[in-house]
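Asks: Quick one, start-v5.pdb (PDB, C-alpha atoms):
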```
MODEL        1
ATOM      1  CA  MET A   5     113.769  81.501  65.776
ATOM      2  CA  GLY A   6     117.180  82.826  64.824
ATOM      3  CA  GLU A   7     115.528  85.786  63.141
ATOM      4  CA  ALA A   8     113.295  86.532  66.111
ATOM      5  CA  ALA A   9     116.339  86.654  68.363
ATOM      6  CA  GLU A  10     117.977  89.200  66.079
ATOM      7  CA  THR A  11     115.086  91.647  66.466
ATOM      8  CA  LEU A  12     115.430  91.743  70.278
ATOM      9  CA  PRO A  13     117.036  94.902  71.653
ATOM     10  CA  ALA A  14     120.687  94.708  72.591
ATOM     11  CA  GLU A  15     121.300  93.705  76.207
ATOM     12  CA  PRO A  16     121.792  96.797  78.399
ATOM     13  CA  THR A  17     125.232  95.756  79.601
ATOM     14  CA  ALA A  18     127.101  99.058  79.034
ATOM     15  CA  ILE A  19     124.837 101.080  81.333
ATOM     16  CA  LEU A  20     125.368  98.528  84.101
ATOM     17  CA  GLU A  21     128.932  99.831  84.342
ATOM     18  CA  HIS A  22     127.607 103.240  85.439
ATOM     19  CA  PRO A  23     129.070 103.967  88.915
ATOM     20  CA  PHE A  24     125.678 104.694  90.468
ATOM     21  CA  LEU A  25     124.098 101.491  89.176
ATOM     22  CA  LYS A  26     127.080  99.465  90.373
ATOM     23  CA  ILE A  27     126.565 100.819  93.882
ATOM     24  CA  LEU A  28     122.801 100.321  93.672
ATOM     25  CA  LEU A  29     123.373  96.699  92.698
ATOM     26  CA  ALA A  30     125.852  96.211  95.525
ATOM     27  CA  VAL A  31     123.345  97.624  98.039
ATOM     28  CA  TYR A  32     120.608  95.462  96.499
ATOM     29  CA  ARG A  33     122.624  92.255  96.745
ATOM     30  CA  ALA A  34     123.831  93.147 100.255
ATOM     31  CA  ASP A  35     120.181  93.086 101.348
ATOM     32  CA  ASP A  36     119.829  89.511 100.138
ATOM     33  CA  SER A  37     120.758  87.679 103.309
ATOM     34  CA  HIS A  38     119.272  84.434 102.008
ATOM     35  CA  GLY A  39     121.202  84.433  98.751
ATOM     36  CA  SER A  40     117.994  84.057  96.794
ATOM     37  CA  TRP A  41     119.167  86.501  94.087
ATOM     38  CA  ASP A  42     122.552  84.848  93.576
ATOM     39  CA  GLY A  43     121.461  83.319  90.297
ATOM     40  CA  ARG A  44     119.757  86.461  89.001
ATOM     41  CA  LYS A  45     121.394  88.794  86.519
ATOM     42  CA  ASP A  46     122.049  92.469  87.311
ATOM     43  CA  GLU A  47     119.613  93.653  84.647
ATOM     44  CA  ASP A  48     116.860  91.497  86.117
ATOM     45  CA  LEU A  49     117.389  92.964  89.576
ATOM     46  CA  LEU A  50     117.217  96.524  88.253
ATOM     47  CA  ALA A  51     114.225  95.883  85.993
ATOM     48  CA  ASP A  52     111.717  96.893  88.691
ATOM     49  CA  PHE A  53     113.308 100.345  88.955
ATOM     50  CA  VAL A  54     112.237 100.973  85.373
ATOM     51  CA  VAL A  55     108.671 102.185  85.004
ATOM     52  CA  THR A  56     107.700 103.568  81.607
ATOM     53  CA  LYS A  57     105.235 106.412  81.130
ATOM     54  CA  GLU A  58     102.599 103.929  79.999
ATOM     55  CA  GLN A  59     103.195 101.671  83.010
ATOM     56  CA  ARG A  60     103.006 104.660  85.377
ATOM     57  CA  LYS A  61      99.523 105.509  84.186
ATOM     58  CA  LEU A  62      98.349 102.011  84.981
ATOM     59  CA  LEU A  63      99.668 102.057  88.551
ATOM     60  CA  PRO A  64      96.932 103.105  90.964
ATOM     61  CA  ILE A  65      97.941 105.694  93.569
ATOM     62  CA  ILE A  66      95.318 104.808  96.132
ATOM     63  CA  ALA A  67      95.922 103.074  99.459
ATOM     64  CA  ASN A  68      99.427 102.328 100.722
ATOM     65  CA  PRO A  69     102.189 101.481  98.256
ATOM     66  CA  ASP A  70     103.453  97.949  97.924
ATOM     67  CA  PRO A  71     106.226  97.218 100.495
ATOM     68  CA  ASP A  72     108.506  96.258  97.578
ATOM     69  CA  VAL A  73     108.308  99.728  96.087
ATOM     70  CA  LEU A  74     109.080 101.325  99.474
ATOM     71  CA  TRP A  75     112.063  99.031  99.722
ATOM     72  CA  ARG A  76     113.285 100.150  96.269
ATOM     73  CA  VAL A  77     112.949 103.819  97.234
ATOM     74  CA  GLU A  78     115.050 103.101 100.317
ATOM     75  CA  LEU A  79     117.628 101.202  98.256
ATOM     76  CA  PHE A  80     117.903 104.136  95.854
ATOM     77  CA  TYR A  81     118.680 106.573  98.691
ATOM     78  CA  LYS A  82     120.962 104.088 100.444
ATOM     79  CA  ALA A  83     122.921 103.878  97.187
ATOM     80  CA  VAL A  84     123.006 107.682  96.952
ATOM     81  CA  GLY A  85     124.370 107.875 100.506
ATOM     82  CA  LEU A  86     126.985 105.212  99.867
ATOM     83  CA  ALA A  87     128.067 106.812  96.581
ATOM     84  CA  ALA A  88     128.531 110.166  98.324
ATOM     85  CA  GLU A  89     130.386 108.517 101.189
ATOM     86  CA  LYS A  90     132.779 106.778  98.784
ATOM     87  CA  ARG A  91     133.617 110.106  97.180
ATOM     88  CA  ILE A  92     134.095 112.289 100.249
ATOM     89  CA  GLY A  93     134.691 109.908 103.147
ATOM     90  CA  ILE A  94     131.796 111.139 105.299
ATOM     91  CA  MET A  95     129.040 108.718 106.275
ATOM     92  CA  VAL A  96     125.689 109.633 104.748
ATOM     93  CA  THR A  97     122.632 107.825 106.157
ATOM     94  CA  PRO A  98     119.134 107.834 104.722
ATOM     95  CA  MET A  99     116.001 108.068 106.826
ATOM     96  CA  MET A 100     112.638 107.554 105.193
ATOM     97  CA  VAL A 101     109.251 107.997 106.788
ATOM     98  CA  MET A 102     105.962 107.268 105.065
ATOM     99  CA  SER A 103     102.859 108.967 106.398
ATOM    100  CA  GLY A 104     100.522 106.760 104.376
ATOM    101  CA  GLU A 105      98.844 106.795 100.969
ATOM    102  CA  GLY A 106     102.209 107.146  99.214
ATOM    103  CA  PHE A 107     103.209 110.380 100.931
ATOM    104  CA  GLY A 108     106.364 110.664 102.962
ATOM    105  CA  ARG A 109     109.750 112.208 103.369
ATOM    106  CA  VAL A 110     113.289 111.059 102.830
ATOM    107  CA  VAL A 111     116.397 112.746 104.198
ATOM    108  CA  LEU A 112     120.083 111.961 103.885
ATOM    109  CA  LEU A 113     121.988 112.825 107.043
ATOM    110  CA  ALA A 114     125.715 113.477 107.367
ATOM    111  CA  GLY A 115     126.733 114.161 110.948
ATOM    112  CA  ARG A 116     124.538 117.051 112.093
ATOM    113  CA  LEU A 117     123.735 118.061 108.520
ATOM    114  CA  VAL A 118     120.619 117.334 106.508
ATOM    115  CA  ALA A 119     122.515 116.812 103.257
ATOM    116  CA  TYR A 120     119.338 116.148 101.259
ATOM    117  CA  SER A 121     115.633 116.359 101.943
ATOM    118  CA  ARG A 122     112.746 115.455  99.731
ATOM    119  CA  HIS A 123     109.046 115.145 100.266
ATOM    120  CA  LEU A 124     107.698 112.065  98.553
ATOM    121  CA  ARG A 125     104.347 111.627  96.867
ATOM    122  CA  ASP A 126     102.819 108.957  94.643
ATOM    123  CA  VAL A 127     105.493 106.567  95.823
ATOM    124  CA  HIS A 128     103.345 103.833  94.277
ATOM    125  CA  ARG A 129     104.752 104.945  90.929
ATOM    126  CA  PHE A 130     108.429 105.213  91.925
ATOM    127  CA  GLY A 131     110.662 104.346  89.013
ATOM    128  CA  TYR A 132     112.523 105.812  86.048
ATOM    129  CA  PRO A 133     111.752 105.518  82.336
ATOM    130  CA  SER A 134     115.023 103.709  81.638
ATOM    131  CA  LEU A 135     118.161 102.397  83.308
ATOM    132  CA  GLU A 136     119.991 105.391  81.841
ATOM    133  CA  ARG A 137     117.628 107.788  83.602
ATOM    134  CA  LEU A 138     117.868 105.812  86.845
ATOM    135  CA  ALA A 139     121.652 106.159  86.639
ATOM    136  CA  THR A 140     121.704 109.870  85.797
ATOM    137  CA  GLU A 141     119.014 110.816  88.348
ATOM    138  CA  GLY A 142     120.877 108.904  91.048
ATOM    139  CA  ALA A 143     124.103 110.649  90.090
ATOM    140  CA  ILE A 144     122.375 114.063  90.235
ATOM    141  CA  VAL A 145     121.218 113.456  93.819
ATOM    142  CA  VAL A 146     124.730 112.280  94.745
ATOM    143  CA  GLU A 147     126.156 115.563  93.403
ATOM    144  CA  ARG A 148     123.609 117.587  95.333
ATOM    145  CA  VAL A 149     124.434 115.762  98.565
ATOM    146  CA  ILE A 150     128.152 116.382  98.069
ATOM    147  CA  GLU A 151     127.597 120.072  97.287
ATOM    148  CA  THR A 152     125.528 120.551 100.434
ATOM    149  CA  ILE A 153     128.160 118.802 102.539
ATOM    150  CA  ASN A 154     130.885 120.942 100.982
ATOM    151  CA  ASP A 155     128.872 124.034 101.951
ATOM    152  CA  HIS A 156     128.824 122.984 105.623
ATOM    153  CA  PRO A 157     131.734 120.591 106.146
ATOM    154  CA  GLU A 158     132.067 121.303 109.879
ATOM    155  CA  VAL A 159     128.393 120.435 110.507
ATOM    156  CA  ALA A 160     128.664 117.266 108.401
ATOM    157  CA  ARG A 161     131.650 116.159 110.481
ATOM    158  CA  ALA A 162     129.981 117.029 113.818
TER     159      ALA A 162
ATOM    160  CA  MET B  21      85.078 104.277 152.443
ATOM    161  CA  GLY B  22      85.871 107.807 153.584
ATOM    162  CA  GLU B  23      89.073 106.542 155.180
ATOM    163  CA  ALA B  24      90.146 104.617 152.106
ATOM    164  CA  ALA B  25      89.722 107.749 150.008
ATOM    165  CA  GLU B  26      91.981 109.653 152.371
ATOM    166  CA  THR B  27      94.868 107.237 151.859
ATOM    167  CA  LEU B  28      94.884 107.775 148.089
ATOM    168  CA  PRO B  29      97.718 109.946 146.804
ATOM    169  CA  ALA B  30      96.907 113.577 146.045
ATOM    170  CA  GLU B  31      95.819 114.184 142.464
ATOM    171  CA  PRO B  32      98.798 115.162 140.286
ATOM    172  CA  THR B  33      97.303 118.467 139.201
ATOM    173  CA  ALA B  34     100.288 120.765 139.918
ATOM    174  CA  ILE B  35     102.639 118.876 137.598
ATOM    175  CA  LEU B  36     100.122 119.175 134.765
ATOM    176  CA  GLU B  37     100.967 122.878 134.698
ATOM    177  CA  HIS B  38     104.535 122.059 133.637
ATOM    178  CA  PRO B  39     105.152 123.740 130.245
ATOM    179  CA  PHE B  40     106.352 120.519 128.596
ATOM    180  CA  LEU B  41     103.363 118.490 129.748
ATOM    181  CA  LYS B  42     100.988 121.227 128.589
ATOM    182  CA  ILE B  43     102.481 121.020 125.105
ATOM    183  CA  LEU B  44     102.480 117.219 125.176
ATOM    184  CA  LEU B  45      98.790 117.276 126.063
ATOM    185  CA  ALA B  46      98.049 119.770 123.297
ATOM    186  CA  VAL B  47      99.838 117.566 120.747
ATOM    187  CA  TYR B  48      98.025 114.529 122.127
ATOM    188  CA  ARG B  49      94.595 116.107 121.857
ATOM    189  CA  ALA B  50      95.401 117.545 118.417
ATOM    190  CA  ASP B  51      95.865 113.973 117.194
ATOM    191  CA  ASP B  52      92.344 113.095 118.278
ATOM    192  CA  SER B  53      90.487 113.893 115.077
ATOM    193  CA  HIS B  54      87.431 111.970 116.217
ATOM    194  CA  GLY B  55      87.099 113.767 119.545
ATOM    195  CA  SER B  56      87.095 110.453 121.391
ATOM    196  CA  TRP B  57      89.272 111.832 124.194
ATOM    197  CA  ASP B  58      87.182 114.943 124.777
ATOM    198  CA  GLY B  59      85.738 113.558 127.967
ATOM    199  CA  ARG B  60      89.028 112.227 129.324
ATOM    200  CA  LYS B  61      91.064 114.054 131.933
ATOM    201  CA  ASP B  62      94.620 115.215 131.267
ATOM    202  CA  GLU B  63      96.069 112.863 133.876
ATOM    203  CA  ASP B  64      94.314 109.917 132.251
ATOM    204  CA  LEU B  65      95.792 110.759 128.859
ATOM    205  CA  LEU B  66      99.305 110.997 130.283
ATOM    206  CA  ALA B  67      99.006 107.861 132.425
ATOM    207  CA  ASP B  68     100.394 105.615 129.672
ATOM    208  CA  PHE B  69     103.614 107.645 129.570
ATOM    209  CA  VAL B  70     104.290 106.535 133.125
ATOM    210  CA  VAL B  71     105.937 103.153 133.422
ATOM    211  CA  THR B  72     107.348 102.232 136.810
ATOM    212  CA  LYS B  73     110.481 100.145 137.284
ATOM    213  CA  GLU B  74     108.334  97.161 138.253
ATOM    214  CA  GLN B  75     106.096  97.580 135.212
ATOM    215  CA  ARG B  76     109.141  97.872 132.929
ATOM    216  CA  LYS B  77     110.414  94.492 134.020
ATOM    217  CA  LEU B  78     107.120  92.889 133.090
ATOM    218  CA  LEU B  79     107.087  94.337 129.572
ATOM    219  CA  PRO B  80     108.537  91.845 127.105
ATOM    220  CA  ILE B  81     111.040  93.275 124.621
ATOM    221  CA  ILE B  82     110.568  90.655 121.957
ATOM    222  CA  ALA B  83     108.844  91.167 118.591
ATOM    223  CA  ASN B  84     107.694  94.580 117.443
ATOM    224  CA  PRO B  85     106.424  97.116 119.954
ATOM    225  CA  ASP B  86     102.747  97.902 120.216
ATOM    226  CA  PRO B  87     101.742 100.651 117.723
ATOM    227  CA  ASP B  88     100.414 102.685 120.679
ATOM    228  CA  VAL B  89     103.841 102.881 122.270
ATOM    229  CA  LEU B  90     105.406 103.981 118.967
ATOM    230  CA  TRP B  91     102.740 106.635 118.739
ATOM    231  CA  ARG B  92     103.609 107.865 122.259
ATOM    232  CA  VAL B  93     107.322 108.058 121.407
ATOM    233  CA  GLU B  94     106.417 110.148 118.369
ATOM    234  CA  LEU B  95     104.141 112.385 120.453
ATOM    235  CA  PHE B  96     106.950 112.939 122.950
ATOM    236  CA  TYR B  97     109.338 114.136 120.221
ATOM    237  CA  LYS B  98     106.622 116.141 118.479
ATOM    238  CA  ALA B  99     106.069 117.933 121.777
ATOM    239  CA  VAL B 100     109.830 118.511 122.128
ATOM    240  CA  GLY B 101     109.932 120.007 118.623
ATOM    241  CA  LEU B 102     106.941 122.225 119.261
ATOM    242  CA  ALA B 103     108.283 123.394 122.637
ATOM    243  CA  ALA B 104     111.603 124.354 121.014
ATOM    244  CA  GLU B 105     109.799 126.090 118.150
ATOM    245  CA  LYS B 106     107.701 128.140 120.586
ATOM    246  CA  ARG B 107     110.853 129.330 122.319
ATOM    247  CA  ILE B 108     113.037 130.218 119.332
ATOM    248  CA  GLY B 109     110.672 130.589 116.381
ATOM    249  CA  ILE B 110     112.330 127.965 114.171
ATOM    250  CA  MET B 111     110.313 124.976 113.025
ATOM    251  CA  VAL B 112     111.625 121.701 114.482
ATOM    252  CA  THR B 113     110.264 118.506 112.918
ATOM    253  CA  PRO B 114     110.691 114.982 114.236
ATOM    254  CA  MET B 115     111.391 111.968 112.042
ATOM    255  CA  MET B 116     111.262 108.514 113.555
ATOM    256  CA  VAL B 117     112.184 105.264 111.873
ATOM    257  CA  MET B 118     111.844 101.857 113.462
ATOM    258  CA  SER B 119     113.979  99.059 112.096
ATOM    259  CA  GLY B 120     112.042  96.380 113.957
ATOM    260  CA  GLU B 121     112.203  94.602 117.310
ATOM    261  CA  GLY B 122     112.054  97.912 119.168
ATOM    262  CA  PHE B 123     115.191  99.380 117.592
ATOM    263  CA  GLY B 124     115.099 102.617 115.675
ATOM    264  CA  ARG B 125     116.198 106.185 115.449
ATOM    265  CA  VAL B 126     114.584 109.533 116.037
ATOM    266  CA  VAL B 127     115.892 112.877 114.844
ATOM    267  CA  LEU B 128     114.628 116.416 115.232
ATOM    268  CA  LEU B 129     115.332 118.534 112.167
ATOM    269  CA  ALA B 130     115.486 122.320 111.981
ATOM    270  CA  GLY B 131     116.136 123.523 108.461
ATOM    271  CA  ARG B 132     119.315 121.775 107.345
ATOM    272  CA  LEU B 133     120.322 120.983 110.914
ATOM    273  CA  VAL B 134     119.954 117.726 112.812
ATOM    274  CA  ALA B 135     119.092 119.423 116.098
ATOM    275  CA  TYR B 136     118.799 116.134 117.966
ATOM    276  CA  SER B 137     119.506 112.506 117.163
ATOM    277  CA  ARG B 138     118.930 109.458 119.275
ATOM    278  CA  HIS B 139     119.118 105.763 118.599
ATOM    279  CA  LEU B 140     116.204 103.956 120.170
ATOM    280  CA  ARG B 141     116.148 100.527 121.729
ATOM    281  CA  ASP B 142     113.655  98.581 123.820
ATOM    282  CA  VAL B 143     110.956 100.968 122.652
ATOM    283  CA  HIS B 144     108.490  98.425 124.053
ATOM    284  CA  ARG B 145     109.345  99.855 127.456
ATOM    285  CA  PHE B 146     109.142 103.555 126.606
ATOM    286  CA  GLY B 147     107.919 105.544 129.549
ATOM    287  CA  TYR B 148     109.051 107.477 132.603
ATOM    288  CA  PRO B 149     108.789 106.529 136.275
ATOM    289  CA  SER B 150     106.535 109.500 137.040
ATOM    290  CA  LEU B 151     104.865 112.513 135.444
ATOM    291  CA  GLU B 152     107.560 114.646 137.058
ATOM    292  CA  ARG B 153     110.283 112.669 135.283
ATOM    293  CA  LEU B 154     108.374 112.788 131.994
ATOM    294  CA  ALA B 155     108.226 116.571 132.333
ATOM    295  CA  THR B 156     111.868 117.069 133.298
ATOM    296  CA  GLU B 157     113.228 114.635 130.688
ATOM    297  CA  GLY B 158     111.169 116.336 127.989
ATOM    298  CA  ALA B 159     112.440 119.728 129.113
ATOM    299  CA  ILE B 160     116.043 118.460 129.011
ATOM    300  CA  VAL B 161     115.694 117.373 125.375
ATOM    301  CA  VAL B 162     114.100 120.733 124.526
ATOM    302  CA  GLU B 163     117.128 122.516 126.020
ATOM    303  CA  ARG B 164     119.532 120.330 124.054
ATOM    304  CA  VAL B 165     117.682 121.022 120.808
ATOM    305  CA  ILE B 166     117.795 124.770 121.439
ATOM    306  CA  GLU B 167     121.508 124.674 122.329
ATOM    307  CA  THR B 168     122.334 122.799 119.127
ATOM    308  CA  ILE B 169     120.316 125.253 117.044
ATOM    309  CA  ASN B 170     122.044 128.166 118.762
ATOM    310  CA  ASP B 171     125.399 126.607 117.832
ATOM    311  CA  HIS B 172     124.448 126.566 114.125
ATOM    312  CA  PRO B 173     121.730 129.160 113.618
ATOM    313  CA  GLU B 174     122.483 129.700 109.924
ATOM    314  CA  VAL B 175     122.130 125.970 109.172
ATOM    315  CA  ALA B 176     118.904 125.752 111.172
ATOM    316  CA  ARG B 177     117.475 128.645 109.150
ATOM    317  CA  ALA B 178     118.633 127.221 105.799
TER     318      ALA B 178
ENDMDL
END
```
Please express what this file holds, its structure, as structure tokens.
Replies:
Amino acid sequence: MGEAAETLPAEPTAILEHPFLKILLAVYRADDSHGSWDGRKDEDLLADFVVTKEQRKLLPIIANPDPDVLWRVELFYKAVGLAAEKRIGIMVTPMMVMSGEGFGRVVLLAGRLVAYSRHLRDVHRFGYPSLERLATEGAIVVERVIETINDHPEVARA
Amino acid sequence: MGEAAETLPAEPTAILEHPFLKILLAVYRADDSHGSWDGRKDEDLLADFVVTKEQRKLLPIIANPDPDVLWRVELFYKAVGLAAEKRIGIMVTPMMVMSGEGFGRVVLLAGRLVAYSRHLRDVHRFGYPSLERLATEGAIVVERVIETINDHPEVARA
């Protein structure tokens, strides 16, 4: 049993210190009004954001996505908005609309500015191959939001 | 019977020529992929947009609004977007999100610009006291959208 434990991968604790994941976790736990995740570890909460290539293939993309996956997509963009807001002091709010069958659109709004816009498809399969990728992809969207706001600061403050 | 007919109000045909109502009807009929409204008159289609003060009071504002009323709110803002687009040649797209219990938000987006934003409440009671009011309120929102776009034309074209 001692040997078996030694072959397990190291716990992904370092990546949990990534600024984007810290905000994502904060947003996640803030949504837990019943305290039902109080006893759950950070890595357990983030586990559902990780979808490997093999897992993706197994996820059917017919019918409407599971409400849980829609909720995770929203959490991701809420975290992006909050991360941008923390950096530049302008409120950034996500709006997500699904038109059915996993298609939809998400925007991040800052004042009168559409700071980010993305058409969604195959939302059923939303996820990243690793926590590292989740963190870096989140951070990339945050940078893009901030760049767009910096291009039109007067509209973002309107 | 002849006398009773004479006391009925005149048919509201003149108001149906209002530019906003014509667009609203076009959007309405465009959503009818099964042709089930082909035999219905324009005034019948618009009747559900009219909610008198007395009717409003009777509409409960608990729980989630009827999907039909949400659909009418979306049609209204689709028509606003299309009316603005026809006037200024810039695509204006609505996005509506309901957070439950009749609360939500609708925005009209033109390029990178939030051309209109409104927080919704008591959506259960959406409607206007008359077709005239429906037409004038729609036209007012169209004007506001166009003004906002004219204030930031480069953002709306981005």
Asks: Skipping near chain neighbours, those fewer than 2 positions away, what residues fall within 12 Å of A:Pro157 using all atoms listed in the file, listed as a list in words?
Replies: Ile92, Gly93, Ile94, Ala114, Gly115, Arg116, Leu117, Val118, Ala119, Val149, Ile150, Glu151, Thr152, Ile153, Asn154, Asp155, Val159, Ala160, Arg161 and Ala162 of chain A; Val175 of chain B
Asks: Got a sec to align chain A on chain B by every in-order Cα pair and hand back the fitted coordinates as a CSV table (one decimal) with C-alpha atoms, keeping the file's coordinate frame?
Replies:
```csv
chain,number,residue,atom,x,y,z
A,5,MET,CA,84.5,104.7,152.3
A,6,GLY,CA,85.4,108.2,153.4
A,7,GLU,CA,88.5,106.9,155.1
A,8,ALA,CA,89.6,104.9,152.1
A,9,ALA,CA,89.3,108.0,149.9
A,10,GLU,CA,91.6,109.9,152.3
A,11,THR,CA,94.4,107.3,151.9
A,12,LEU,CA,94.5,107.8,148.1
A,13,PRO,CA,97.5,109.9,146.9
A,14,ALA,CA,96.8,113.5,146.1
A,15,GLU,CA,95.8,114.2,142.5
A,16,PRO,CA,98.9,115.1,140.4
A,17,THR,CA,97.4,118.5,139.3
A,18,ALA,CA,100.4,120.7,140.0
A,19,ILE,CA,102.8,118.8,137.6
A,20,LEU,CA,100.2,119.1,134.8
A,21,GLU,CA,101.0,122.8,134.8
A,22,HIS,CA,104.6,122.0,133.7
A,23,PRO,CA,105.2,123.7,130.3
A,24,PHE,CA,106.4,120.5,128.6
A,25,LEU,CA,103.4,118.5,129.8
A,26,LYS,CA,101.0,121.2,128.7
A,27,ILE,CA,102.5,121.0,125.2
A,28,LEU,CA,102.5,117.2,125.2
A,29,LEU,CA,98.8,117.2,126.1
A,30,ALA,CA,98.1,119.8,123.4
A,31,VAL,CA,99.9,117.6,120.8
A,32,TYR,CA,98.0,114.5,122.2
A,33,ARG,CA,94.6,116.1,122.0
A,34,ALA,CA,95.4,117.5,118.5
A,35,ASP,CA,95.8,114.0,117.3
A,36,ASP,CA,92.3,113.1,118.4
A,37,SER,CA,90.4,113.9,115.2
A,38,HIS,CA,87.4,111.9,116.4
A,39,GLY,CA,87.1,113.7,119.7
A,40,SER,CA,87.1,110.4,121.5
A,41,TRP,CA,89.3,111.8,124.3
A,42,ASP,CA,87.2,114.9,124.9
A,43,GLY,CA,85.8,113.5,128.1
A,44,ARG,CA,89.1,112.2,129.4
A,45,LYS,CA,91.1,114.0,132.0
A,46,ASP,CA,94.7,115.2,131.4
A,47,GLU,CA,96.1,112.8,134.0
A,48,ASP,CA,94.4,109.9,132.3
A,49,LEU,CA,95.9,110.7,128.9
A,50,LEU,CA,99.4,111.0,130.3
A,51,ALA,CA,99.1,107.8,132.5
A,52,ASP,CA,100.5,105.6,129.7
A,53,PHE,CA,103.7,107.6,129.6
A,54,VAL,CA,104.4,106.5,133.1
A,55,VAL,CA,106.1,103.1,133.4
A,56,THR,CA,107.5,102.2,136.8
A,57,LYS,CA,110.6,100.1,137.3
A,58,GLU,CA,108.5,97.1,138.2
A,59,GLN,CA,106.2,97.5,135.2
A,60,ARG,CA,109.3,97.8,132.9
A,61,LYS,CA,110.5,94.4,134.0
A,62,LEU,CA,107.2,92.8,133.1
A,63,LEU,CA,107.2,94.3,129.5
A,64,PRO,CA,108.6,91.8,127.1
A,65,ILE,CA,111.1,93.3,124.6
A,66,ILE,CA,110.6,90.7,121.9
A,67,ALA,CA,108.9,91.2,118.5
A,68,ASN,CA,107.7,94.6,117.4
A,69,PRO,CA,106.5,97.1,119.9
A,70,ASP,CA,102.8,97.9,120.2
A,71,PRO,CA,101.8,100.6,117.7
A,72,ASP,CA,100.4,102.7,120.7
A,73,VAL,CA,103.9,102.9,122.3
A,74,LEU,CA,105.4,104.0,119.0
A,75,TRP,CA,102.8,106.6,118.8
A,76,ARG,CA,103.6,107.8,122.3
A,77,VAL,CA,107.3,108.0,121.4
A,78,GLU,CA,106.4,110.1,118.4
A,79,LEU,CA,104.2,112.4,120.5
A,80,PHE,CA,107.0,112.9,123.0
A,81,TYR,CA,109.3,114.1,120.2
A,82,LYS,CA,106.6,116.1,118.5
A,83,ALA,CA,106.1,117.9,121.8
A,84,VAL,CA,109.8,118.5,122.1
A,85,GLY,CA,109.9,120.0,118.6
A,86,LEU,CA,106.9,122.2,119.3
A,87,ALA,CA,108.3,123.4,122.7
A,88,ALA,CA,111.6,124.3,121.0
A,89,GLU,CA,109.8,126.1,118.2
A,90,LYS,CA,107.7,128.1,120.6
A,91,ARG,CA,110.9,129.3,122.4
A,92,ILE,CA,113.0,130.2,119.4
A,93,GLY,CA,110.6,130.6,116.4
A,94,ILE,CA,112.3,128.0,114.2
A,95,MET,CA,110.3,125.0,113.1
A,96,VAL,CA,111.6,121.7,114.5
A,97,THR,CA,110.2,118.5,112.9
A,98,PRO,CA,110.7,115.0,114.2
A,99,MET,CA,111.3,112.0,112.0
A,100,MET,CA,111.2,108.5,113.5
A,101,VAL,CA,112.2,105.3,111.8
A,102,MET,CA,111.8,101.9,113.4
A,103,SER,CA,114.0,99.1,112.0
A,104,GLY,CA,112.0,96.4,113.9
A,105,GLU,CA,112.2,94.6,117.2
A,106,GLY,CA,112.1,97.9,119.1
A,107,PHE,CA,115.2,99.4,117.5
A,108,GLY,CA,115.1,102.6,115.6
A,109,ARG,CA,116.2,106.2,115.4
A,110,VAL,CA,114.6,109.5,116.0
A,111,VAL,CA,115.9,112.9,114.8
A,112,LEU,CA,114.6,116.4,115.2
A,113,LEU,CA,115.3,118.6,112.1
A,114,ALA,CA,115.4,122.3,112.0
A,115,GLY,CA,116.0,123.6,108.4
A,116,ARG,CA,119.2,121.8,107.3
A,117,LEU,CA,120.3,121.0,110.9
A,118,VAL,CA,119.9,117.8,112.7
A,119,ALA,CA,119.1,119.4,116.0
A,120,TYR,CA,118.8,116.1,117.9
A,121,SER,CA,119.5,112.5,117.1
A,122,ARG,CA,119.0,109.5,119.2
A,123,HIS,CA,119.1,105.8,118.5
A,124,LEU,CA,116.2,104.0,120.1
A,125,ARG,CA,116.2,100.5,121.6
A,126,ASP,CA,113.7,98.6,123.7
A,127,VAL,CA,111.0,101.0,122.6
A,128,HIS,CA,108.6,98.4,124.0
A,129,ARG,CA,109.4,99.8,127.4
A,130,PHE,CA,109.2,103.5,126.6
A,131,GLY,CA,108.0,105.5,129.5
A,132,TYR,CA,109.2,107.4,132.6
A,133,PRO,CA,108.9,106.5,136.3
A,134,SER,CA,106.7,109.5,137.0
A,135,LEU,CA,105.0,112.5,135.5
A,136,GLU,CA,107.7,114.6,137.1
A,137,ARG,CA,110.4,112.6,135.3
A,138,LEU,CA,108.5,112.8,132.0
A,139,ALA,CA,108.3,116.5,132.4
A,140,THR,CA,112.0,117.0,133.3
A,141,GLU,CA,113.3,114.6,130.7
A,142,GLY,CA,111.2,116.3,128.0
A,143,ALA,CA,112.5,119.7,129.1
A,144,ILE,CA,116.1,118.4,129.0
A,145,VAL,CA,115.7,117.3,125.3
A,146,VAL,CA,114.1,120.7,124.5
A,147,GLU,CA,117.2,122.5,126.0
A,148,ARG,CA,119.6,120.3,124.0
A,149,VAL,CA,117.7,121.0,120.8
A,150,ILE,CA,117.8,124.8,121.4
A,151,GLU,CA,121.5,124.7,122.3
A,152,THR,CA,122.3,122.8,119.1
A,153,ILE,CA,120.3,125.3,117.0
A,154,ASN,CA,122.0,128.2,118.7
A,155,ASP,CA,125.4,126.6,117.8
A,156,HIS,CA,124.4,126.6,114.1
A,157,PRO,CA,121.7,129.2,113.6
A,158,GLU,CA,122.4,129.8,109.9
A,159,VAL,CA,122.0,126.0,109.1
A,160,ALA,CA,118.8,125.8,111.1
A,161,ARG,CA,117.4,128.7,109.1
A,162,ALA,CA,118.5,127.3,105.8
```
Asks: Any idea what's packed within 10 Å of A:His22, counting all atoms listed in the file, ignoring anything in its chain fewer than 6 positions away? Could you give it as a PyMOL selection string?
Replies: chain A and resi 28+135-136+139-140+143
Asks: So, counting only C-alpha atoms, which residue among B:Ala34, B:Val93, B:Leu128, B:Leu140 is closest to chain A?
Replies: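 Going through B:Ala34, B:Val93, B:Leu128, B:Leu140 one by one, the smallest distance to chain A is for B:Leu128.
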Asks: Around (114.0, 103.4, 106.2), as given in the file, which residues come within 12 Å? Count all atoms listed in the file and list them as an NGL selection string.
Replies: (:A and (71 or 74-82 or 97-102 or 108-112)) or (:B and (115-120 or 124-126))
